[in-house]
$ cat structure_3.pdb   # PDB, C-alpha atoms, pLDDT in the B column
ATOM      1  CA  MET H 119       8.620 -39.074 -47.918  1.00 35.00           C
ATOM      2  CA  ALA H 120      11.280 -40.024 -50.492  1.00 43.00           C
ATOM      3  CA  VAL H 121      11.479 -43.767 -49.796  1.00 45.00           C
ATOM      4  CA  SER H 122       8.513 -46.025 -50.102  1.00 47.00           C
ATOM      5  CA  ASP H 123       8.612 -49.653 -49.075  1.00 50.00           C
ATOM      6  CA  GLY H 124       6.303 -52.246 -50.476  1.00 48.00           C
ATOM      7  CA  SER H 125       5.424 -55.872 -50.264  1.00 43.00           C
ATOM      8  CA  ASP H 126       3.099 -56.529 -53.199  1.00 43.00           C
ATOM      9  CA  ALA H 127       2.725 -60.288 -53.730  1.00 40.00           C
ATOM     10  CA  GLY H 128       5.809 -61.098 -51.675  1.00 43.00           C
ATOM     11  CA  ASN H 129       8.063 -58.631 -53.486  1.00 45.00           C
ATOM     12  CA  ASP H 130      10.328 -56.737 -51.155  1.00 85.00           C
ATOM     13  CA  TYR H 131      11.171 -53.400 -52.762  1.00 86.00           C
ATOM     14  CA  VAL H 132      12.244 -49.850 -52.035  1.00 90.00           C
ATOM     15  CA  VAL H 133      11.663 -46.858 -54.271  1.00 89.00           C
ATOM     16  CA  ILE H 134      14.063 -43.953 -53.901  1.00 90.00           C
ATOM     17  CA  ARG H 135      11.889 -41.104 -55.086  1.00 85.00           C
ATOM     18  CA  GLU H 136      13.195 -37.996 -56.801  1.00 81.00           C
ATOM     19  CA  ILE H 137      11.788 -35.378 -54.468  1.00 77.00           C
ATOM     20  CA  TYR H 138      13.861 -32.230 -53.968  1.00 78.00           C
ATOM     21  CA  GLU H 139      12.699 -30.863 -50.612  1.00 75.00           C
ATOM     22  CA  HIS H 140      15.948 -29.058 -49.721  1.00 75.00           C
ATOM     23  CA  ASP H 141      19.518 -28.387 -50.884  1.00 76.00           C
ATOM     24  CA  ALA H 142      20.886 -31.653 -49.478  1.00 78.00           C
ATOM     25  CA  ALA H 143      18.466 -33.829 -51.450  1.00 79.00           C
ATOM     26  CA  GLN H 144      21.234 -35.613 -53.384  1.00 82.00           C
ATOM     27  CA  GLU H 145      22.944 -36.636 -50.134  1.00 86.00           C
ATOM     28  CA  GLU H 146      19.595 -37.824 -48.812  1.00 89.00           C
ATOM     29  CA  PHE H 147      19.100 -39.973 -51.941  1.00 89.00           C
ATOM     30  CA  GLU H 148      22.555 -41.499 -51.433  1.00 89.00           C
ATOM     31  CA  ASN H 149      21.806 -42.238 -47.768  1.00 91.00           C
ATOM     32  CA  GLU H 150      18.508 -43.869 -48.708  1.00 92.00           C
ATOM     33  CA  LEU H 151      20.299 -46.046 -51.251  1.00 93.00           C
ATOM     34  CA  GLU H 152      22.914 -47.054 -48.660  1.00 93.00           C
ATOM     35  CA  GLN H 153      20.171 -47.992 -46.202  1.00 93.00           C
ATOM     36  CA  ALA H 154      18.368 -50.060 -48.833  1.00 93.00           C
ATOM     37  CA  LEU H 155      21.596 -51.837 -49.845  1.00 92.00           C
ATOM     38  CA  GLU H 156      22.530 -52.620 -46.249  1.00 91.00           C
ATOM     39  CA  SER H 157      18.963 -53.821 -45.537  1.00 91.00           C
ATOM     40  CA  LYS H 158      19.397 -56.375 -48.350  1.00 91.00           C
ATOM     41  CA  VAL H 159      16.170 -55.334 -50.047  1.00 93.00           C
ATOM     42  CA  LYS H 160      15.325 -57.619 -52.982  1.00 93.00           C
ATOM     43  CA  THR H 161      14.492 -54.811 -55.448  1.00 92.00           C
ATOM     44  CA  ILE H 162      15.610 -51.186 -55.392  1.00 93.00           C
ATOM     45  CA  VAL H 163      14.113 -48.643 -57.786  1.00 91.00           C
ATOM     46  CA  ILE H 164      16.194 -45.476 -58.138  1.00 92.00           C
ATOM     47  CA  GLU H 165      14.352 -42.453 -59.572  1.00 90.00           C
ATOM     48  CA  PRO H 166      17.045 -39.749 -59.283  1.00 90.00           C
ATOM     49  CA  THR H 167      18.851 -39.815 -62.628  1.00 88.00           C
ATOM     50  CA  LYS H 168      22.291 -38.837 -61.345  1.00 91.00           C
ATOM     51  CA  LEU H 169      22.283 -41.433 -58.548  1.00 93.00           C
ATOM     52  CA  GLY H 170      20.872 -44.102 -60.856  1.00 93.00           C
ATOM     53  CA  ASP H 171      23.538 -43.451 -63.499  1.00 94.00           C
ATOM     54  CA  GLU H 172      26.366 -43.476 -60.939  1.00 94.00           C
ATOM     55  CA  THR H 173      25.095 -46.708 -59.385  1.00 95.00           C
ATOM     56  CA  ALA H 174      24.653 -48.368 -62.784  1.00 95.00           C
ATOM     57  CA  ARG H 175      28.182 -47.320 -63.790  1.00 95.00           C
ATOM     58  CA  TRP H 176      29.636 -48.661 -60.523  1.00 94.00           C
ATOM     59  CA  ILE H 177      27.911 -52.022 -61.016  1.00 94.00           C
ATOM     60  CA  SER H 178      28.988 -52.144 -64.681  1.00 95.00           C
ATOM     61  CA  VAL H 179      32.648 -51.511 -63.824  1.00 94.00           C
ATOM     62  CA  GLY H 180      32.518 -54.240 -61.172  1.00 93.00           C
ATOM     63  CA  ASN H 181      30.927 -56.623 -63.686  1.00 94.00           C
ATOM     64  CA  CYS H 182      33.613 -55.744 -66.233  1.00 96.00           C
ATOM     65  CA  LEU H 183      36.392 -56.461 -63.738  1.00 96.00           C
ATOM     66  CA  HIS H 184      34.750 -59.751 -62.798  1.00 96.00           C
ATOM     67  CA  LYS H 185      34.296 -60.881 -66.413  1.00 97.00           C
ATOM     68  CA  THR H 186      37.797 -59.802 -67.366  1.00 98.00           C
ATOM     69  CA  ALA H 187      39.269 -61.753 -64.440  1.00 98.00           C
ATOM     70  CA  VAL H 188      37.288 -64.883 -65.335  1.00 98.00           C
ATOM     71  CA  LEU H 189      37.933 -64.796 -69.088  1.00 98.00           C
ATOM     72  CA  THR H 190      41.624 -63.945 -68.866  1.00 98.00           C
ATOM     73  CA  GLY H 191      42.127 -66.533 -66.114  1.00 98.00           C
ATOM     74  CA  PHE H 192      40.428 -69.199 -68.193  1.00 98.00           C
ATOM     75  CA  GLY H 193      42.340 -68.119 -71.321  1.00 97.00           C
ATOM     76  CA  SER H 194      45.645 -68.165 -69.477  1.00 97.00           C
ATOM     77  CA  LEU H 195      45.073 -71.674 -68.175  1.00 97.00           C
ATOM     78  CA  ALA H 196      43.776 -73.012 -71.494  1.00 97.00           C
ATOM     79  CA  ILE H 197      46.607 -71.559 -73.568  1.00 97.00           C
ATOM     80  CA  GLY H 198      49.186 -72.428 -70.919  1.00 96.00           C
ATOM     81  CA  LEU H 199      48.127 -76.063 -70.807  1.00 95.00           C
ATOM     82  CA  MET H 200      47.939 -76.395 -74.605  1.00 97.00           C
ATOM     83  CA  TYR H 201      51.069 -74.389 -75.415  1.00 95.00           C
ATOM     84  CA  PRO H 202      53.293 -74.242 -72.306  1.00 92.00           C
ATOM     85  CA  GLN H 203      56.250 -73.013 -74.372  1.00 91.00           C
ATOM     86  CA  HIS H 204      54.350 -69.843 -75.411  1.00 93.00           C
ATOM     87  CA  GLY H 205      54.543 -67.878 -72.183  1.00 91.00           C
ATOM     88  CA  TYR H 206      54.229 -64.609 -74.066  1.00 93.00           C
ATOM     89  CA  LEU H 207      50.603 -65.628 -74.792  1.00 94.00           C
ATOM     90  CA  TYR H 208      49.354 -66.823 -71.410  1.00 96.00           C
ATOM     91  CA  MET H 209      51.520 -64.882 -68.945  1.00 97.00           C
ATOM     92  CA  PRO H 210      49.894 -61.489 -69.700  1.00 97.00           C
ATOM     93  CA  LEU H 211      46.452 -63.098 -69.449  1.00 97.00           C
ATOM     94  CA  GLY H 212      47.271 -64.635 -66.077  1.00 97.00           C
ATOM     95  CA  PHE H 213      48.706 -61.336 -64.830  1.00 97.00           C
ATOM     96  CA  THR H 214      45.591 -59.468 -66.001  1.00 98.00           C
ATOM     97  CA  SER H 215      43.323 -61.978 -64.268  1.00 98.00           C
ATOM     98  CA  VAL H 216      45.175 -61.642 -60.963  1.00 98.00           C
ATOM     99  CA  ILE H 217      45.212 -57.831 -61.156  1.00 98.00           C
ATOM    100  CA  CYS H 218      41.483 -57.616 -61.998  1.00 97.00           C
ATOM    101  CA  SER H 219      40.610 -60.006 -59.167  1.00 96.00           C
ATOM    102  CA  GLY H 220      42.749 -57.979 -56.790  1.00 96.00           C
ATOM    103  CA  VAL H 221      41.122 -54.688 -57.761  1.00 96.00           C
ATOM    104  CA  TYR H 222      37.683 -56.297 -57.508  1.00 95.00           C
ATOM    105  CA  ALA H 223      38.496 -57.747 -54.079  1.00 93.00           C
ATOM    106  CA  VAL H 224      39.727 -54.414 -52.736  1.00 93.00           C
ATOM    107  CA  SER H 225      37.065 -52.151 -54.255  1.00 90.00           C
ATOM    108  CA  TRP H 226      33.925 -54.201 -54.904  1.00 85.00           C
ATOM    109  CA  GLN H 227      33.860 -57.520 -53.085  1.00 79.00           C
ATOM    110  CA  PHE H 228      32.619 -56.191 -49.754  1.00 84.00           C
ATOM    111  CA  ASP H 229      30.535 -53.332 -51.150  1.00 88.00           C
ATOM    112  CA  PRO H 230      26.832 -54.145 -50.650  1.00 90.00           C
ATOM    113  CA  CYS H 231      26.164 -52.752 -54.139  1.00 91.00           C
ATOM    114  CA  CYS H 232      27.991 -55.697 -55.755  1.00 88.00           C
ATOM    115  CA  LYS H 233      25.166 -57.979 -54.602  1.00 92.00           C
ATOM    116  CA  TYR H 234      22.858 -56.217 -57.078  1.00 95.00           C
ATOM    117  CA  GLN H 235      22.476 -56.326 -60.834  1.00 94.00           C
ATOM    118  CA  ILE H 236      20.642 -53.906 -63.094  1.00 94.00           C
ATOM    119  CA  GLU H 237      17.361 -55.308 -64.377  1.00 91.00           C
ATOM    120  CA  TYR H 238      16.772 -54.776 -68.089  1.00 89.00           C
ATOM    121  CA  ASP H 239      14.181 -57.505 -68.776  1.00 86.00           C
ATOM    122  CA  SER H 240      10.931 -55.710 -69.656  1.00 80.00           C
ATOM    123  CA  ARG H 241       8.789 -58.685 -68.579  1.00 82.00           C
ATOM    124  CA  LYS H 242      10.266 -58.584 -65.078  1.00 81.00           C
ATOM    125  CA  LEU H 243      10.040 -54.797 -64.953  1.00 79.00           C
ATOM    126  CA  GLN H 244       6.308 -54.942 -65.775  1.00 76.00           C
ATOM    127  CA  ARG H 245       5.688 -56.829 -62.512  1.00 77.00           C
ATOM    128  CA  LEU H 246       7.110 -53.954 -60.478  1.00 75.00           C
ATOM    129  CA  PRO H 247       5.070 -50.943 -59.332  1.00 70.00           C
ATOM    130  CA  LEU H 248       6.799 -48.528 -61.722  1.00 70.00           C
ATOM    131  CA  HIS H 249       3.605 -46.806 -62.906  1.00 68.00           C
ATOM    132  CA  ASN H 250       3.598 -44.378 -59.950  1.00 72.00           C
ATOM    133  CA  LEU H 251       7.082 -43.007 -60.605  1.00 73.00           C
ATOM    134  CA  SER H 252       7.864 -39.493 -61.717  1.00 70.00           C
ATOM    135  CA  SER H 253      10.953 -40.639 -63.648  1.00 73.00           C
ATOM    136  CA  SER H 254      10.521 -42.172 -67.098  1.00 74.00           C
ATOM    137  CA  SER H 255      13.737 -44.197 -66.868  1.00 81.00           C
ATOM    138  CA  PRO H 256      14.464 -45.365 -63.325  1.00 88.00           C
ATOM    139  CA  VAL H 257      17.345 -47.716 -62.577  1.00 91.00           C
ATOM    140  CA  VAL H 258      16.072 -50.995 -61.137  1.00 92.00           C
ATOM    141  CA  LEU H 259      18.464 -53.098 -59.053  1.00 94.00           C
ATOM    142  CA  ILE H 260      17.758 -56.749 -58.245  1.00 93.00           C
ATOM    143  CA  ARG H 261      19.607 -58.539 -55.443  1.00 94.00           C
ATOM    144  CA  LYS H 262      21.444 -61.639 -56.668  1.00 93.00           C
ATOM    145  CA  ASP H 263      23.476 -64.262 -54.844  1.00 91.00           C
ATOM    146  CA  ASP H 264      27.029 -63.770 -56.119  1.00 89.00           C
ATOM    147  CA  THR H 265      28.772 -66.498 -54.102  1.00 91.00           C
ATOM    148  CA  ARG H 266      29.305 -68.829 -57.057  1.00 94.00           C
ATOM    149  CA  ARG H 267      30.616 -66.108 -59.344  1.00 93.00           C
ATOM    150  CA  LYS H 268      33.106 -64.935 -56.690  1.00 92.00           C
ATOM    151  CA  VAL H 269      34.296 -68.508 -56.133  1.00 95.00           C
ATOM    152  CA  LEU H 270      34.688 -68.979 -59.902  1.00 96.00           C
ATOM    153  CA  GLN H 271      36.539 -65.686 -60.310  1.00 96.00           C
ATOM    154  CA  ASN H 272      38.897 -66.215 -57.392  1.00 95.00           C
ATOM    155  CA  SER H 273      39.557 -69.868 -58.274  1.00 97.00           C
ATOM    156  CA  LEU H 274      40.402 -69.123 -61.904  1.00 97.00           C
ATOM    157  CA  SER H 275      42.561 -66.123 -61.034  1.00 97.00           C
ATOM    158  CA  LEU H 276      44.391 -68.012 -58.311  1.00 97.00           C
ATOM    159  CA  ALA H 277      44.932 -71.034 -60.567  1.00 98.00           C
ATOM    160  CA  ALA H 278      46.151 -68.826 -63.429  1.00 97.00           C
ATOM    161  CA  GLY H 279      48.477 -66.900 -61.104  1.00 97.00           C
ATOM    162  CA  ILE H 280      49.910 -70.093 -59.609  1.00 97.00           C
ATOM    163  CA  TYR H 281      50.333 -71.705 -63.029  1.00 97.00           C
ATOM    164  CA  CYS H 282      52.065 -68.637 -64.476  1.00 96.00           C
ATOM    165  CA  GLY H 283      54.272 -68.307 -61.392  1.00 95.00           C
ATOM    166  CA  TRP H 284      55.201 -71.972 -61.563  1.00 95.00           C
ATOM    167  CA  GLN H 285      56.058 -71.751 -65.274  1.00 93.00           C
ATOM    168  CA  PHE H 286      58.054 -68.577 -64.654  1.00 92.00           C
ATOM    169  CA  TYR H 287      59.964 -70.339 -61.864  1.00 93.00           C
ATOM    170  CA  LYS H 288      60.657 -73.354 -64.114  1.00 90.00           C
ATOM    171  CA  TRP H 289      62.021 -71.162 -66.921  1.00 87.00           C
ATOM    172  CA  TYR H 290      64.424 -69.219 -64.760  1.00 87.00           C
ATOM    173  CA  SER H 291      65.464 -71.878 -62.291  1.00 85.00           C
ATOM    174  CA  THR H 292      66.990 -74.157 -64.918  1.00 72.00           C
TER     175      THR H 292
END

$ encode --input "structure_3.pdb" --output "structure tokens"
Amino acid sequence: MAVSDGSDAGNDYVVIREIYEHDAAQEEFENELEQALESKVKTIVIEPTKLGDETARWISVGNCLHKTAVLTGFGSLAIGLMYPQHGYLYMPLGFTSVICSGVYAVSWQFDPCCKYQIEYDSRKLQRLPLHNLSSSSPVVLIRKDDTRRKVLQNSLSLAAGIYCGWQFYKWYST
């Protein structure tokens, strides 16, 4: 059996084991991950290296888009409010924020994988049953509530987009 569920001390976890029983093992690993994500398991341990790397990369790209949208949105608003005459500084930031939020909304927002973050904290990892794994470097995903970060991202991007659009309108309507 490639998936093992556990409930040690209230921890809800799934381990996707790296067991190659047939040629379609990689597809089976991916299906097991999908099932775990859709089941909203608190902790997912991924042993297969290829699947773990792909999942970690996917989460990292989503995090990068999110952070870029937030920082450029904030920068656009801050610079725009302090220096409204310098549109060449804040307009590209506002545009970048809106584009990153749009790409995130289309590609990541409704993906169950975006509810997870990669756990790197060794103290937290020690509490997990990782001693029985065959892989020396599994990817550990922890489910996080991302409601506040999505609200922050969308609010900043929307505000930056509206502010830039309003300034653009003011410049060319006079």

$ residues_around --input "structure_3.pdb" --residues "Val163 in chain H" --least-positions-apart "5" --cutoff "9 Å" --atoms "all atoms listed in the file" --output "list in words"
Tyr131, Val132, Val133, Ile134, Arg135, Gly170, Leu248, Pro256, Val257, Val258, Leu259 and Ile260 of chain H

$ residues_around --input "structure_3.pdb" --residues "His184 in chain H" --least-positions-apart "5" --cutoff "12 Å" --atoms "all atoms listed in the file" --output "PDB file with C-alpha atoms, in the frame of the given file"
ATOM      1  CA  ILE H 177      27.911 -52.022 -61.016  1.00 94.00           C
ATOM      2  CA  SER H 178      28.988 -52.144 -64.681  1.00 95.00           C
ATOM      3  CA  VAL H 179      32.648 -51.511 -63.824  1.00 94.00           C
ATOM      4  CA  LEU H 189      37.933 -64.796 -69.088  1.00 98.00           C
ATOM      5  CA  THR H 190      41.624 -63.945 -68.866  1.00 98.00           C
ATOM      6  CA  GLY H 191      42.127 -66.533 -66.114  1.00 98.00           C
ATOM      7  CA  THR H 214      45.591 -59.468 -66.001  1.00 98.00           C
ATOM      8  CA  SER H 215      43.323 -61.978 -64.268  1.00 98.00           C
ATOM      9  CA  VAL H 216      45.175 -61.642 -60.963  1.00 98.00           C
ATOM     10  CA  ILE H 217      45.212 -57.831 -61.156  1.00 98.00           C
ATOM     11  CA  CYS H 218      41.483 -57.616 -61.998  1.00 97.00           C
ATOM     12  CA  SER H 219      40.610 -60.006 -59.167  1.00 96.00           C
ATOM     13  CA  GLY H 220      42.749 -57.979 -56.790  1.00 96.00           C
ATOM     14  CA  VAL H 221      41.122 -54.688 -57.761  1.00 96.00           C
ATOM     15  CA  TYR H 222      37.683 -56.297 -57.508  1.00 95.00           C
ATOM     16  CA  ALA H 223      38.496 -57.747 -54.079  1.00 93.00           C
ATOM     17  CA  SER H 225      37.065 -52.151 -54.255  1.00 90.00           C
ATOM     18  CA  TRP H 226      33.925 -54.201 -54.904  1.00 85.00           C
ATOM     19  CA  GLN H 227      33.860 -57.520 -53.085  1.00 79.00           C
ATOM     20  CA  CYS H 232      27.991 -55.697 -55.755  1.00 88.00           C
ATOM     21  CA  ASP H 264      27.029 -63.770 -56.119  1.00 89.00           C
ATOM     22  CA  ARG H 267      30.616 -66.108 -59.344  1.00 93.00           C
ATOM     23  CA  LYS H 268      33.106 -64.935 -56.690  1.00 92.00           C
ATOM     24  CA  VAL H 269      34.296 -68.508 -56.133  1.00 95.00           C
ATOM     25  CA  LEU H 270      34.688 -68.979 -59.902  1.00 96.00           C
ATOM     26  CA  GLN H 271      36.539 -65.686 -60.310  1.00 96.00           C
ATOM     27  CA  ASN H 272      38.897 -66.215 -57.392  1.00 95.00           C
ATOM     28  CA  LEU H 274      40.402 -69.123 -61.904  1.00 97.00           C
ATOM     29  CA  SER H 275      42.561 -66.123 -61.034  1.00 97.00           C
TER      30      SER H 275
END

$ resolve_selection --input "structure_3.pdb" --expression "the PyMOL selection byres ((chain H and resi 158) around 12)" --output "ChimeraX atom specification"
/H:130-132,151-157,159-162,229-234,259-263

$ write_last_selection --input "structure_3.pdb" --atoms "C-alpha atoms" --output "short mmCIF file (atom, residue, chain, number, x, y, z; two decimals), in the coordinates of the input"
data_model
loop_
_atom_site.label_atom_id
_atom_site.label_comp_id
_atom_site.auth_asym_id
_atom_site.auth_seq_id
_atom_site.Cartn_x
_atom_site.Cartn_y
_atom_site.Cartn_z
CA ASP H 130 10.33 -56.74 -51.16
CA TYR H 131 11.17 -53.40 -52.76
CA VAL H 132 12.24 -49.85 -52.04
CA LEU H 151 20.30 -46.05 -51.25
CA GLU H 152 22.91 -47.05 -48.66
CA GLN H 153 20.17 -47.99 -46.20
CA ALA H 154 18.37 -50.06 -48.83
CA LEU H 155 21.60 -51.84 -49.84
CA GLU H 156 22.53 -52.62 -46.25
CA SER H 157 18.96 -53.82 -45.54
CA VAL H 159 16.17 -55.33 -50.05
CA LYS H 160 15.32 -57.62 -52.98
CA THR H 161 14.49 -54.81 -55.45
CA ILE H 162 15.61 -51.19 -55.39
CA ASP H 229 30.54 -53.33 -51.15
CA PRO H 230 26.83 -54.14 -50.65
CA CYS H 231 26.16 -52.75 -54.14
CA CYS H 232 27.99 -55.70 -55.76
CA LYS H 233 25.17 -57.98 -54.60
CA TYR H 234 22.86 -56.22 -57.08
CA LEU H 259 18.46 -53.10 -59.05
CA ILE H 260 17.76 -56.75 -58.24
CA ARG H 261 19.61 -58.54 -55.44
CA LYS H 262 21.44 -61.64 -56.67
CA ASP H 263 23.48 -64.26 -54.84
#

$ axis_aligned_box --input "structure_3.pdb" --around "range 280-283 of chain H" --padding-each-side "3 Å" --output "JSON"
{"center_x": 52.1, "center_y": -70.0, "center_z": -62.0, "size_x": 10.4, "size_y": 9.4, "size_z": 10.9}

$ resolve_selection --input "structure_3.pdb" --expression "the PyMOL selection byres ((chain H and resi 146) around 12)" --output "ChimeraX atom specification"
/H:119-121,134-145,147-153,166,169

$ resolve_selection --input "structure_3.pdb" --expression "the PyMOL selection byres ((chain H and resi 196) around 12)" --output "count of residues only"
25

$ closest_residue --input "structure_3.pdb" --among "H:Phe228, H:Ile236, H:Ser253, H:Tyr290" --to "Thr265 in chain H" --atoms "only C-alpha atoms"
H:Phe228

$ closest_residue --input "structure_3.pdb" --among "H:Ala174, H:Ile164, H:Ile280, H:Leu183" --to "Val224 in chain H" --atoms "all atoms listed in the file"
H:Leu183

$ closest_residue --input "structure_3.pdb" --among "H:Thr167, H:Gln244, H:Gln203, H:Gln235" --to "Lys288 in chain H" --atoms "all atoms listed in the file"
H:Gln203

$ atom_distance --input "structure_3.pdb" --atom1 "CA of Phe213 in chain H" --atom2 "CA of Arg266 in chain H"
22.2 Å

$ atom_distance --input "structure_3.pdb" --atom1 "CA of Glu237 in chain H" --atom2 "CA of Gly180 in chain H"
15.5 Å

$ atom_distance --input "structure_3.pdb" --atom1 "CA of Glu165 in chain H" --atom2 "CA of Leu251 in chain H"
7.4 Å
